[in-house]
$ cat my_file14.cif   # mmCIF, C-alpha atoms (C1' of nucleotides)
data_final
#
loop_
_atom_site.group_PDB
_atom_site.id
_atom_site.type_symbol
_atom_site.label_atom_id
_atom_site.label_comp_id
_atom_site.auth_asym_id
_atom_site.auth_seq_id
_atom_site.Cartn_x
_atom_site.Cartn_y
_atom_site.Cartn_z
ATOM 1 C CA MET A 98 -10.781 2.232 37.627
ATOM 2 C CA PRO A 99 -8.264 4.562 36.175
ATOM 3 C CA GLU A 100 -5.221 3.406 38.129
ATOM 4 C CA LEU A 101 -1.604 4.447 37.837
ATOM 5 C CA PRO A 102 -1.038 3.241 34.227
ATOM 6 C CA GLU A 103 -4.249 4.818 32.936
ATOM 7 C CA VAL A 104 -3.561 8.108 34.721
ATOM 8 C CA GLU A 105 0.030 8.088 33.447
ATOM 9 C CA THR A 106 -1.235 7.521 29.898
ATOM 10 C CA ILE A 107 -3.677 10.413 30.167
ATOM 11 C CA ALA A 108 -1.065 12.757 31.661
ATOM 12 C CA ARG A 109 1.391 11.933 28.887
ATOM 13 C CA SER A 110 -1.130 12.440 26.105
ATOM 14 C CA LEU A 111 -2.179 15.825 27.510
ATOM 15 C CA SER A 112 1.449 16.850 27.769
ATOM 16 C CA GLN A 113 2.570 15.493 24.421
ATOM 17 C CA GLY A 114 -0.611 16.190 22.492
ATOM 18 C CA ARG A 115 -0.721 12.620 21.321
ATOM 19 C CA GLY A 116 -3.804 11.911 19.244
ATOM 20 C CA THR A 117 -4.832 15.536 19.020
ATOM 21 C CA GLY A 118 -1.606 17.244 18.027
ATOM 22 C CA PHE A 119 -2.359 19.773 20.754
ATOM 23 C CA SER A 120 -0.242 19.996 23.892
ATOM 24 C CA ILE A 121 -1.688 21.899 26.835
ATOM 25 C CA LEU A 122 1.785 22.934 27.986
ATOM 26 C CA GLY A 123 2.214 26.687 27.949
ATOM 27 C CA LYS A 124 -1.458 27.304 27.132
ATOM 28 C CA VAL A 125 -3.521 29.946 28.898
ATOM 29 C CA ILE A 126 -6.852 29.008 30.461
ATOM 30 C CA ASN A 127 -9.106 31.693 29.045
ATOM 31 C CA ASP A 128 -12.327 30.600 30.699
ATOM 32 C CA VAL A 129 -13.935 27.773 32.667
ATOM 33 C CA THR A 130 -17.403 26.258 32.528
ATOM 34 C CA ILE A 131 -18.481 24.371 35.653
ATOM 35 C CA LEU A 132 -21.400 22.119 34.780
ATOM 36 C CA TRP A 133 -21.451 20.130 38.041
ATOM 37 C CA LYS A 134 -20.346 22.160 41.044
ATOM 38 C CA ARG A 135 -19.653 19.169 43.268
ATOM 39 C CA SER A 136 -16.890 18.079 40.915
ATOM 40 C CA ILE A 137 -14.891 20.954 42.419
ATOM 41 C CA ALA A 138 -13.451 19.681 45.681
ATOM 42 C CA VAL A 139 -11.785 22.910 46.715
ATOM 43 C CA PRO A 140 -12.196 25.907 46.762
ATOM 44 C CA SER A 141 -15.826 26.942 46.123
ATOM 45 C CA ALA A 142 -16.965 26.853 42.498
ATOM 46 C CA GLU A 143 -17.097 30.648 42.513
ATOM 47 C CA GLU A 144 -13.573 31.087 43.834
ATOM 48 C CA PHE A 145 -12.319 28.314 41.545
ATOM 49 C CA TYR A 146 -13.628 30.195 38.544
ATOM 50 C CA GLN A 147 -12.184 33.508 39.685
ATOM 51 C CA ARG A 148 -8.738 32.150 40.394
ATOM 52 C CA VAL A 149 -8.146 29.722 37.540
ATOM 53 C CA HIS A 150 -8.945 31.781 34.492
ATOM 54 C CA GLY A 151 -6.005 33.629 33.050
ATOM 55 C CA GLN A 152 -3.438 31.182 34.435
ATOM 56 C CA THR A 153 -0.972 29.337 32.217
ATOM 57 C CA ILE A 154 -0.481 25.549 32.328
ATOM 58 C CA CYS A 155 3.242 25.234 33.030
ATOM 59 C CA ASP A 156 3.576 21.514 33.691
ATOM 60 C CA VAL A 157 1.544 18.275 33.643
ATOM 61 C CA GLY A 158 2.403 15.195 35.653
ATOM 62 C CA ARG A 159 1.066 12.405 37.807
ATOM 63 C CA ARG A 160 1.309 11.501 41.484
ATOM 64 C CA GLY A 161 -0.418 8.271 42.487
ATOM 65 C CA LYS A 162 -3.748 8.388 40.695
ATOM 66 C CA TYR A 163 -3.822 12.188 40.584
ATOM 67 C CA ILE A 164 -3.139 14.261 37.494
ATOM 68 C CA VAL A 165 -1.173 17.277 38.673
ATOM 69 C CA MET A 166 -0.948 20.496 36.661
ATOM 70 C CA GLN A 167 1.284 23.309 37.771
ATOM 71 C CA LEU A 168 -0.274 26.618 36.771
ATOM 72 C CA SER A 169 1.395 30.010 36.910
ATOM 73 C CA ASP A 170 0.062 30.673 40.432
ATOM 74 C CA ASP A 171 -1.702 27.532 41.642
ATOM 75 C CA ALA A 172 -1.689 23.744 41.371
ATOM 76 C CA LEU A 173 -4.631 22.144 39.537
ATOM 77 C CA LEU A 174 -5.304 18.509 40.525
ATOM 78 C CA PHE A 175 -7.681 15.931 39.092
ATOM 79 C CA HIS A 176 -8.725 12.574 40.514
ATOM 80 C CA LEU A 177 -10.736 10.473 38.049
ATOM 81 C CA ARG A 178 -12.019 7.973 40.628
ATOM 82 C CA MET A 179 -14.307 5.480 38.881
ATOM 83 C CA SER A 180 -15.414 6.924 35.599
ATOM 84 C CA GLY A 181 -13.573 10.194 35.066
ATOM 85 C CA ASP A 182 -11.604 11.138 31.984
ATOM 86 C CA LEU A 183 -9.618 14.163 30.901
ATOM 87 C CA THR A 184 -9.382 14.912 27.190
ATOM 88 C CA ILE A 185 -8.502 17.622 24.692
ATOM 89 C CA GLN A 186 -11.277 18.490 22.287
ATOM 90 C CA PRO A 187 -11.766 21.083 19.568
ATOM 91 C CA ALA A 188 -13.495 24.176 20.951
ATOM 92 C CA SER A 189 -16.317 23.605 18.473
ATOM 93 C CA ARG A 190 -17.261 20.159 19.827
ATOM 94 C CA PRO A 191 -20.729 20.209 21.432
ATOM 95 C CA THR A 192 -20.889 19.714 25.191
ATOM 96 C CA GLY A 193 -21.056 16.028 26.104
ATOM 97 C CA LYS A 194 -23.662 14.435 28.329
ATOM 98 C CA HIS A 195 -21.118 13.738 31.069
ATOM 99 C CA ASP A 196 -18.973 16.860 30.794
ATOM 100 C CA ARG A 197 -18.494 18.291 34.312
ATOM 101 C CA VAL A 198 -15.803 20.976 34.029
ATOM 102 C CA ILE A 199 -14.557 22.545 30.791
ATOM 103 C CA PHE A 200 -11.368 24.600 30.558
ATOM 104 C CA HIS A 201 -11.360 26.799 27.456
ATOM 105 C CA LEU A 202 -7.783 27.158 26.288
ATOM 106 C CA GLU A 203 -6.089 29.484 23.867
ATOM 107 C CA GLY A 204 -5.742 27.852 20.451
ATOM 108 C CA GLU A 205 -9.334 26.713 19.792
ATOM 109 C CA HIS A 206 -9.190 23.697 22.094
ATOM 110 C CA LYS A 207 -10.811 22.788 25.391
ATOM 111 C CA LEU A 208 -9.663 20.557 28.221
ATOM 112 C CA VAL A 209 -12.706 18.546 29.273
ATOM 113 C CA PHE A 210 -13.162 16.779 32.584
ATOM 114 C CA GLU A 211 -15.962 14.283 32.025
ATOM 115 C CA ASP A 212 -17.257 11.859 34.607
ATOM 116 C CA ALA A 213 -20.391 9.769 34.177
ATOM 117 C CA ARG A 214 -20.609 8.698 37.821
ATOM 118 C CA LYS A 215 -19.660 12.059 39.325
ATOM 119 C CA PHE A 216 -17.132 10.545 41.759
ATOM 120 C CA GLY A 217 -14.144 12.395 40.337
ATOM 121 C CA ARG A 218 -12.883 15.642 41.851
ATOM 122 C CA VAL A 219 -10.866 18.736 40.869
ATOM 123 C CA TRP A 220 -8.740 20.786 43.264
ATOM 124 C CA LEU A 221 -7.195 24.246 42.912
ATOM 125 C CA LEU A 222 -4.520 24.657 45.556
ATOM 126 C CA ARG A 223 -1.682 27.022 46.359
ATOM 127 C CA ASP A 224 0.474 23.968 46.997
ATOM 128 C CA ALA A 225 -0.240 20.492 45.586
ATOM 129 C CA GLN A 226 1.151 18.960 48.766
ATOM 130 C CA GLU A 227 -1.985 20.059 50.614
ATOM 131 C CA GLU A 228 -3.732 17.155 48.865
ATOM 132 C CA LEU A 229 -0.810 14.850 48.006
ATOM 133 C CA GLY A 230 1.037 15.013 51.313
ATOM 134 C CA GLU A 231 -0.473 11.838 52.768
ATOM 135 C CA LEU A 232 0.285 9.634 49.764
ATOM 136 C CA GLY A 233 2.653 6.717 50.084
ATOM 137 C CA PRO A 234 5.703 6.303 47.836
ATOM 138 C CA GLU A 235 5.553 5.952 44.068
ATOM 139 C CA PRO A 236 5.930 2.243 43.243
ATOM 140 C CA LEU A 237 8.044 2.977 40.155
ATOM 141 C CA SER A 238 10.373 5.427 41.872
ATOM 142 C CA ASP A 239 14.043 4.560 42.377
ATOM 143 C CA THR A 240 13.806 5.998 45.874
ATOM 144 C CA LEU A 241 11.738 2.967 46.883
ATOM 145 C CA ASP A 242 14.071 -0.003 47.235
ATOM 146 C CA GLU A 243 13.511 -3.590 48.331
ATOM 147 C CA ASP A 244 14.724 -3.008 51.875
ATOM 148 C CA HIS A 245 12.441 -0.043 52.338
ATOM 149 C CA PHE A 246 9.479 -1.972 50.936
ATOM 150 C CA PHE A 247 10.207 -4.914 53.220
ATOM 151 C CA ARG A 248 10.267 -2.588 56.224
ATOM 152 C CA MET A 249 6.957 -1.045 55.128
ATOM 153 C CA LEU A 250 5.388 -4.512 55.003
ATOM 154 C CA GLN A 251 6.880 -5.416 58.360
ATOM 155 C CA ALA A 252 5.358 -2.331 59.966
ATOM 156 C CA SER A 253 1.811 -3.575 59.350
ATOM 157 C CA LYS A 254 -0.099 -6.781 59.892
ATOM 158 C CA ARG A 255 -2.816 -6.166 57.353
ATOM 159 C CA GLN A 256 -3.971 -8.378 54.517
ATOM 160 C CA LEU A 257 -1.962 -7.714 51.351
ATOM 161 C CA LYS A 258 -4.909 -6.847 49.141
ATOM 162 C CA PRO A 259 -6.301 -3.925 51.156
ATOM 163 C CA LEU A 260 -2.815 -2.824 52.202
ATOM 164 C CA LEU A 261 -1.554 -2.501 48.622
ATOM 165 C CA MET A 262 -4.676 -0.569 47.683
ATOM 166 C CA ASP A 263 -4.194 1.843 50.582
ATOM 167 C CA GLN A 264 -2.920 5.011 48.887
ATOM 168 C CA THR A 265 -1.125 6.125 52.044
ATOM 169 C CA PHE A 266 0.875 2.884 51.938
ATOM 170 C CA LEU A 267 1.725 2.909 48.230
ATOM 171 C CA ALA A 268 0.353 5.370 45.671
ATOM 172 C CA GLY A 269 -1.279 4.227 42.447
ATOM 173 C CA LEU A 270 -2.475 0.632 42.735
ATOM 174 C CA GLY A 271 -6.199 -0.079 42.375
ATOM 175 C CA ASN A 272 -8.267 -3.227 42.284
ATOM 176 C CA ILE A 273 -7.118 -4.488 38.904
ATOM 177 C CA TYR A 274 -3.372 -3.999 39.143
ATOM 178 C CA THR A 275 -3.313 -5.251 42.737
ATOM 179 C CA ASP A 276 -4.941 -8.542 41.751
ATOM 180 C CA GLU A 277 -2.610 -8.902 38.762
ATOM 181 C CA ALA A 278 0.514 -8.048 40.778
ATOM 182 C CA LEU A 279 -0.376 -10.507 43.563
ATOM 183 C CA PHE A 280 -0.884 -13.218 40.938
ATOM 184 C CA LYS A 281 2.463 -12.434 39.363
ATOM 185 C CA ALA A 282 4.110 -12.611 42.783
ATOM 186 C CA ARG A 283 2.225 -15.844 43.545
ATOM 187 C CA LEU A 284 0.976 -14.388 46.814
ATOM 188 C CA HIS A 285 -2.478 -14.931 48.279
ATOM 189 C CA PRO A 286 -4.481 -11.684 48.658
ATOM 190 C CA LEU A 287 -5.229 -12.522 52.304
ATOM 191 C CA SER A 288 -1.574 -13.057 53.234
ATOM 192 C CA ILE A 289 -0.556 -10.952 56.219
ATOM 193 C CA SER A 290 2.028 -8.332 55.328
ATOM 194 C CA ASN A 291 4.423 -8.802 58.245
ATOM 195 C CA GLN A 292 4.583 -12.538 57.629
ATOM 196 C CA LEU A 293 6.341 -12.082 54.275
ATOM 197 C CA SER A 294 10.039 -12.827 54.101
ATOM 198 C CA SER A 295 12.407 -10.256 52.645
ATOM 199 C CA GLN A 296 12.615 -12.492 49.582
ATOM 200 C CA HIS A 297 8.837 -12.404 49.187
ATOM 201 C CA ALA A 298 8.857 -8.636 49.635
ATOM 202 C CA ALA A 299 11.396 -8.272 46.841
ATOM 203 C CA ILE A 300 9.358 -10.556 44.585
ATOM 204 C CA LEU A 301 6.204 -8.574 45.314
ATOM 205 C CA LEU A 302 7.818 -5.215 44.568
ATOM 206 C CA GLN A 303 9.209 -6.596 41.331
ATOM 207 C CA ALA A 304 5.791 -7.990 40.379
ATOM 208 C CA ILE A 305 4.091 -4.666 41.091
ATOM 209 C CA ARG A 306 6.598 -2.842 38.923
ATOM 210 C CA GLU A 307 6.404 -5.290 36.034
ATOM 211 C CA THR A 308 2.607 -5.188 36.091
ATOM 212 C CA LEU A 309 2.498 -1.387 36.116
ATOM 213 C CA HIS A 310 5.147 -1.085 33.384
ATOM 214 C CA GLU A 311 3.224 -3.510 31.194
ATOM 215 C CA GLY A 312 0.032 -1.528 31.807
ATOM 216 C CA ILE A 313 1.736 1.707 30.797
ATOM 217 C CA ARG A 314 3.313 0.082 27.761
ATOM 218 C CA ARG A 315 -0.178 -0.906 26.608
ATOM 219 C CA ASP A 316 -1.640 2.567 27.349
ATOM 220 C CA GLY A 317 -3.634 1.202 30.271
ATOM 221 C CA ALA A 318 -6.702 -0.998 30.305
ATOM 222 C CA SER A 319 -10.106 -0.276 28.781
ATOM 223 C CA ILE A 320 -12.677 -1.844 31.058
ATOM 224 C CA ASP A 321 -16.436 -1.766 31.308
ATOM 225 C CA TRP A 322 -17.870 0.881 29.055
ATOM 226 C CA VAL A 323 -15.170 3.382 29.996
ATOM 227 C CA TYR A 324 -12.949 3.290 26.955
ATOM 228 C CA ARG A 325 -9.573 4.917 26.945
ATOM 229 C CA GLY A 326 -7.793 3.298 24.070
ATOM 230 C CA GLY A 327 -5.505 0.998 26.029
ATOM 231 C CA ASN A 328 -5.447 -2.771 25.611
ATOM 232 C CA PHE A 329 -3.982 -4.121 28.842
ATOM 233 C CA GLN A 330 -7.360 -5.728 29.580
ATOM 234 C CA ASN A 331 -6.386 -8.424 27.080
ATOM 235 C CA GLN A 332 -3.459 -9.399 29.313
ATOM 236 C CA PHE A 333 -5.391 -9.979 32.524
ATOM 237 C CA CYS A 334 -4.479 -13.271 34.200
ATOM 238 C CA VAL A 335 -7.000 -13.164 37.057
ATOM 239 C CA TYR A 336 -8.946 -9.896 37.150
ATOM 240 C CA GLY A 337 -12.504 -10.412 35.880
ATOM 241 C CA ARG A 338 -11.678 -14.041 35.037
ATOM 242 C CA LYS A 339 -13.703 -15.828 37.719
ATOM 243 C CA GLY A 340 -14.539 -19.362 36.572
ATOM 244 C CA LYS A 341 -11.947 -19.307 33.796
ATOM 245 C CA ALA A 342 -8.693 -21.216 33.648
ATOM 246 C CA CYS A 343 -5.505 -19.882 35.216
ATOM 247 C CA PRO A 344 -3.126 -19.133 32.311
ATOM 248 C CA VAL A 345 -0.274 -20.772 34.242
ATOM 249 C CA CYS A 346 -1.745 -23.943 35.750
ATOM 250 C CA GLY A 347 -5.292 -24.242 34.430
ATOM 251 C CA THR A 348 -6.970 -24.147 37.851
ATOM 252 C CA THR A 349 -10.291 -22.293 37.934
ATOM 253 C CA ILE A 350 -9.855 -18.661 39.000
ATOM 254 C CA GLU A 351 -11.772 -17.777 42.155
ATOM 255 C CA ARG A 352 -13.393 -14.533 43.214
ATOM 256 C CA ILE A 353 -13.779 -13.538 46.852
ATOM 257 C CA VAL A 354 -14.668 -10.234 48.511
ATOM 258 C CA VAL A 355 -11.951 -8.574 50.577
ATOM 259 C CA GLY A 356 -12.627 -5.213 52.150
ATOM 260 C CA GLN A 357 -15.736 -4.833 49.990
ATOM 261 C CA ARG A 358 -13.666 -5.341 46.854
ATOM 262 C CA GLY A 359 -13.946 -8.116 44.325
ATOM 263 C CA THR A 360 -10.677 -10.049 44.514
ATOM 264 C CA HIS A 361 -9.532 -12.563 41.922
ATOM 265 C CA TYR A 362 -6.819 -15.173 42.371
ATOM 266 C CA CYS A 363 -5.644 -18.635 41.430
ATOM 267 C CA PRO A 364 -6.022 -20.959 44.433
ATOM 268 C CA THR A 365 -3.180 -23.147 43.163
ATOM 269 C CA CYS A 366 -0.581 -20.548 42.148
ATOM 270 C CA GLN A 367 -1.298 -18.203 45.050
ATOM 271 C CA SER A 368 -0.703 -20.477 47.987
ATOM 272 C CA LYS A 369 -2.410 -19.868 51.264
ATOM 273 C CA SER A 370 0.599 -21.036 53.237
ATOM 274 C CA ALA A 371 1.455 -17.565 54.442
ATOM 275 C CA ILE A 372 -1.916 -17.080 56.100
ATOM 276 C CA SER A 373 -2.715 -20.457 57.621
ATOM 277 C "C1'" DA B 130 -4.821 -0.985 64.748
ATOM 278 C "C1'" DG B 131 -7.545 -3.014 61.625
ATOM 279 C "C1'" DG B 132 -11.844 -4.693 59.708
ATOM 280 C "C1'" DG B 133 -16.633 -3.915 58.133
ATOM 281 C "C1'" DA B 134 -20.181 -1.153 56.237
ATOM 282 C "C1'" DA B 135 -22.399 2.787 54.350
ATOM 283 C "C1'" DA B 136 -22.281 6.732 51.395
ATOM 284 C "C1'" DC B 137 -21.362 9.017 47.101
ATOM 285 C "C1'" DC B 138 -23.218 7.913 41.731
ATOM 286 C "C1'" DC B 139 -25.069 5.918 37.400
ATOM 287 C "C1'" DG B 140 -24.705 2.765 33.295
ATOM 288 C "C1'" DA B 141 -24.837 -1.932 32.466
ATOM 289 C "C1'" DA B 142 -26.361 -6.382 33.342
ATOM 290 C "C1'" DC B 143 -29.677 -9.266 34.983
ATOM 291 C "C1'" DG B 144 -34.406 -11.097 36.245
ATOM 292 C "C1'" DC B 145 -39.014 -11.376 35.114
ATOM 293 C "C1'" DT C 293 -40.107 -4.864 24.802
ATOM 294 C "C1'" DG C 294 -39.937 -2.836 29.097
ATOM 295 C "C1'" DC C 295 -39.785 -2.513 33.746
ATOM 296 C "C1'" DG C 296 -37.453 -2.965 38.379
ATOM 297 C "C1'" DT C 297 -33.356 -4.586 40.849
ATOM 298 C "C1'" DT C 298 -28.602 -5.445 41.602
ATOM 299 C "C1'" DC C 299 -23.803 -4.639 40.924
ATOM 300 C "C1'" DG C 300 -19.305 -2.512 40.723
ATOM 301 C "C1'" DG C 301 -15.660 0.484 41.825
ATOM 302 C "C1'" DG C 302 -12.057 4.658 44.528
ATOM 303 C "C1'" DT C 303 -12.298 6.999 48.436
ATOM 304 C "C1'" DT C 304 -13.978 8.929 52.811
ATOM 305 C "C1'" DT C 305 -16.246 8.484 57.013
ATOM 306 C "C1'" DC C 306 -18.005 6.271 60.776
ATOM 307 C "C1'" DC C 307 -18.608 2.377 63.825
ATOM 308 C "C1'" DC C 308 -17.018 -1.838 66.296
#
$ encode --input "my_file14.cif" --output "structure tokens"
Amino acid sequence: MPELPEVETIARSLSQGRGTGFSILGKVINDVTILWKRSIAVPSAEEFYQRVHGQTICDVGRRGKYIVMQLSDDALLFHLRMSGDLTIQPASRPTGKHDRVIFHLEGEHKLVFEDARKFGRVWLLRDAQEELGELGPEPLSDTLDEDHFFRMLQASKRQLKPLLMDQTFLAGLGNIYTDEALFKARLHPLSISNQLSSQHAAILLQAIRETLHEGIRRDGASIDWVYRGGNFQNQFCVYGRKGKACPVCGTTIERIVVGQRGTHYCPTCQSKSAIS
DNA sequence: AGGGAAACCCGAACGC
DNA sequence: TGCGTTCGGGTTTCCC
């Protein structure tokens, strides 16, 4: 659920100290409490503990849906998956029900990885590329241009919905932003990628970027009971709007399942011509 | 190569 | 009210 805009929002607030007035940049990790060992992807919980304490947080960023922290010796990565969150809390705050890993920092604050559904993971690696190496390009990066994107689409004959959600194809889109971007591009989620014209490819890339930028501008979306403070959920055109009216043409929004994922679209705006 | 399904989880929503 | 059941969602893994 946390997709690129939500992860970007979290990374920025940790870095800037927005909301807490406490930036983690330059802070030393004095100690770590591991409350759920399986949240640690790599290395073992024991080695994780031994290696991470005493390191300084030098940088905080995002790659795809990963939060990437460069420490003095290692890279510390977080993937929030479905229900994870990463927050700064006063050291005195009692441990929460869903706290999984707690990093005790200098300055009376703690960095808390919480995750109700336990799908999220934390990595401690010598080199972040060990985990990030397979990711596709960043959709908002200048290094991805329309020609390149068109060639990527041409190289596959998959349905657009699962292709755009494939993190090795493009890094950062999830179920929500994919549905919204396809609506904005007026493309059917079952359209086959190599049947798109170069014009369609350019429109799709533009739609993806506008959707992600709008999500970031609104601090992401707060969906289900996982609240993060963003309000992009109020801008959804199709996601979660099955049975409601399309904001553009008034047609009833439909929901189908594609690759086991709920997929929402407007049958009028998102023509099936490209797949029939 | 690409699609389908199961597994990992648990809170919420739903049915009775 | 309270119980049991179903659902959803990101990713990996396995099977066809």
$ residues_near_point --input "my_file14.cif" --point "(-23.2, -0.8, 35.0)" --cutoff "12 Å" --atoms "all atoms listed in the file" --output "PyMOL selection string"
(chain A and resi 179-180+213-214+320-323) or (chain B and resi 138-143) or (chain C and resi 298-301)
$ resolve_selection --input "my_file14.cif" --expression "the PyMOL selection byres ((chain A) within 12 of (chain B))" --output "PDB file with C-alpha atoms, keeping the file's coordinate frame"
ATOM      1  CA  ARG A 135     -19.653  19.169  43.268  1.00  0.00           C
ATOM      2  CA  SER A 136     -16.890  18.079  40.915  1.00  0.00           C
ATOM      3  CA  ARG A 178     -12.019   7.973  40.628  1.00  0.00           C
ATOM      4  CA  MET A 179     -14.307   5.480  38.881  1.00  0.00           C
ATOM      5  CA  SER A 180     -15.414   6.924  35.599  1.00  0.00           C
ATOM      6  CA  GLY A 181     -13.573  10.194  35.066  1.00  0.00           C
ATOM      7  CA  HIS A 195     -21.118  13.738  31.069  1.00  0.00           C
ATOM      8  CA  ASP A 212     -17.257  11.859  34.607  1.00  0.00           C
ATOM      9  CA  ALA A 213     -20.391   9.769  34.177  1.00  0.00           C
ATOM     10  CA  ARG A 214     -20.609   8.698  37.821  1.00  0.00           C
ATOM     11  CA  LYS A 215     -19.660  12.059  39.325  1.00  0.00           C
ATOM     12  CA  PHE A 216     -17.132  10.545  41.759  1.00  0.00           C
ATOM     13  CA  GLY A 217     -14.144  12.395  40.337  1.00  0.00           C
ATOM     14  CA  ARG A 218     -12.883  15.642  41.851  1.00  0.00           C
ATOM     15  CA  ALA A 252       5.358  -2.331  59.966  1.00  0.00           C
ATOM     16  CA  SER A 253       1.811  -3.575  59.350  1.00  0.00           C
ATOM     17  CA  LYS A 254      -0.099  -6.781  59.892  1.00  0.00           C
ATOM     18  CA  ARG A 255      -2.816  -6.166  57.353  1.00  0.00           C
ATOM     19  CA  GLN A 256      -3.971  -8.378  54.517  1.00  0.00           C
ATOM     20  CA  PRO A 259      -6.301  -3.925  51.156  1.00  0.00           C
ATOM     21  CA  LEU A 260      -2.815  -2.824  52.202  1.00  0.00           C
ATOM     22  CA  ILE A 289      -0.556 -10.952  56.219  1.00  0.00           C
ATOM     23  CA  ASP A 321     -16.436  -1.766  31.308  1.00  0.00           C
ATOM     24  CA  TRP A 322     -17.870   0.881  29.055  1.00  0.00           C
ATOM     25  CA  VAL A 323     -15.170   3.382  29.996  1.00  0.00           C
ATOM     26  CA  VAL A 354     -14.668 -10.234  48.511  1.00  0.00           C
ATOM     27  CA  VAL A 355     -11.951  -8.574  50.577  1.00  0.00           C
ATOM     28  CA  GLY A 356     -12.627  -5.213  52.150  1.00  0.00           C
ATOM     29  CA  GLN A 357     -15.736  -4.833  49.990  1.00  0.00           C
ATOM     30  CA  ARG A 358     -13.666  -5.341  46.854  1.00  0.00           C
TER      31      ARG A 358
END
$ atom_distance --input "my_file14.cif" --atom1 "atom CA of Lys194 of chain A" --atom2 "atom CA of Val219 of chain A"
18.4 Å
$ residues_around --input "my_file14.cif" --residues "Gln167 of chain A" --least-positions-apart "3" --cutoff "7 Å" --atoms "all atoms listed in the file" --output "list of chain:residue names"
A:Ile154, A:Cys155, A:Asp156, A:Val157, A:Asp171, A:Ala172, A:Leu173
$ atom_distance --input "my_file14.cif" --atom1 "atom CA of Tyr163 of chain A" --atom2 "atom CA of Gly269 of chain A"
8.6 Å
$ residues_around --input "my_file14.cif" --residues "Asp196 of chain A" --least-positions-apart "5" --cutoff "7 Å" --atoms "only C-alpha atoms (C1' of nucleotides)" --output "number ranges by chain"
A: 209-212
$ atom_distance --input "my_file14.cif" --atom1 "atom CA of Phe329 of chain A" --atom2 "atom CA of Glu243 of chain A"
26.2 Å
$ resolve_selection --input "my_file14.cif" --expression "the PyMOL selection byres ((chain A and resi 285) around 7)" --output "ChimeraX atom specification"
/A:279,283-284,286-288,367-369
$ resolve_selection --input "my_file14.cif" --expression "the PyMOL selection byres ((chain A and resi 103-110) around 10)" --output "compact mmCIF listing (two decimals) with C-alpha atoms, in the coordinates of the input"
# COMPACT_ATOMS: atom_id res chain seq x y z
CA MET A 98 -10.78 2.23 37.63
CA PRO A 99 -8.26 4.56 36.17
CA GLU A 100 -5.22 3.41 38.13
CA LEU A 101 -1.60 4.45 37.84
CA PRO A 102 -1.04 3.24 34.23
CA LEU A 111 -2.18 15.82 27.51
CA SER A 112 1.45 16.85 27.77
CA GLN A 113 2.57 15.49 24.42
CA GLY A 114 -0.61 16.19 22.49
CA ARG A 115 -0.72 12.62 21.32
CA GLY A 116 -3.80 11.91 19.24
CA THR A 117 -4.83 15.54 19.02
CA GLY A 118 -1.61 17.24 18.03
CA PHE A 119 -2.36 19.77 20.75
CA SER A 120 -0.24 20.00 23.89
CA ILE A 121 -1.69 21.90 26.84
CA VAL A 157 1.54 18.27 33.64
CA GLY A 158 2.40 15.20 35.65
CA ARG A 159 1.07 12.40 37.81
CA ARG A 160 1.31 11.50 41.48
CA GLY A 161 -0.42 8.27 42.49
CA LYS A 162 -3.75 8.39 40.70
CA TYR A 163 -3.82 12.19 40.58
CA ILE A 164 -3.14 14.26 37.49
CA VAL A 165 -1.17 17.28 38.67
CA MET A 166 -0.95 20.50 36.66
CA PHE A 175 -7.68 15.93 39.09
CA HIS A 176 -8.72 12.57 40.51
CA LEU A 177 -10.74 10.47 38.05
CA ASP A 182 -11.60 11.14 31.98
CA LEU A 183 -9.62 14.16 30.90
CA THR A 184 -9.38 14.91 27.19
CA ILE A 185 -8.50 17.62 24.69
CA GLY A 269 -1.28 4.23 42.45
CA LEU A 309 2.50 -1.39 36.12
CA GLY A 312 0.03 -1.53 31.81
CA ILE A 313 1.74 1.71 30.80
CA ARG A 314 3.31 0.08 27.76
CA ARG A 315 -0.18 -0.91 26.61
CA ASP A 316 -1.64 2.57 27.35
CA GLY A 317 -3.63 1.20 30.27
CA ALA A 318 -6.70 -1.00 30.30
CA SER A 319 -10.11 -0.28 28.78
CA ARG A 325 -9.57 4.92 26.94
CA GLY A 326 -7.79 3.30 24.07
CA GLY A 327 -5.50 1.00 26.03
CA PHE A 329 -3.98 -4.12 28.84
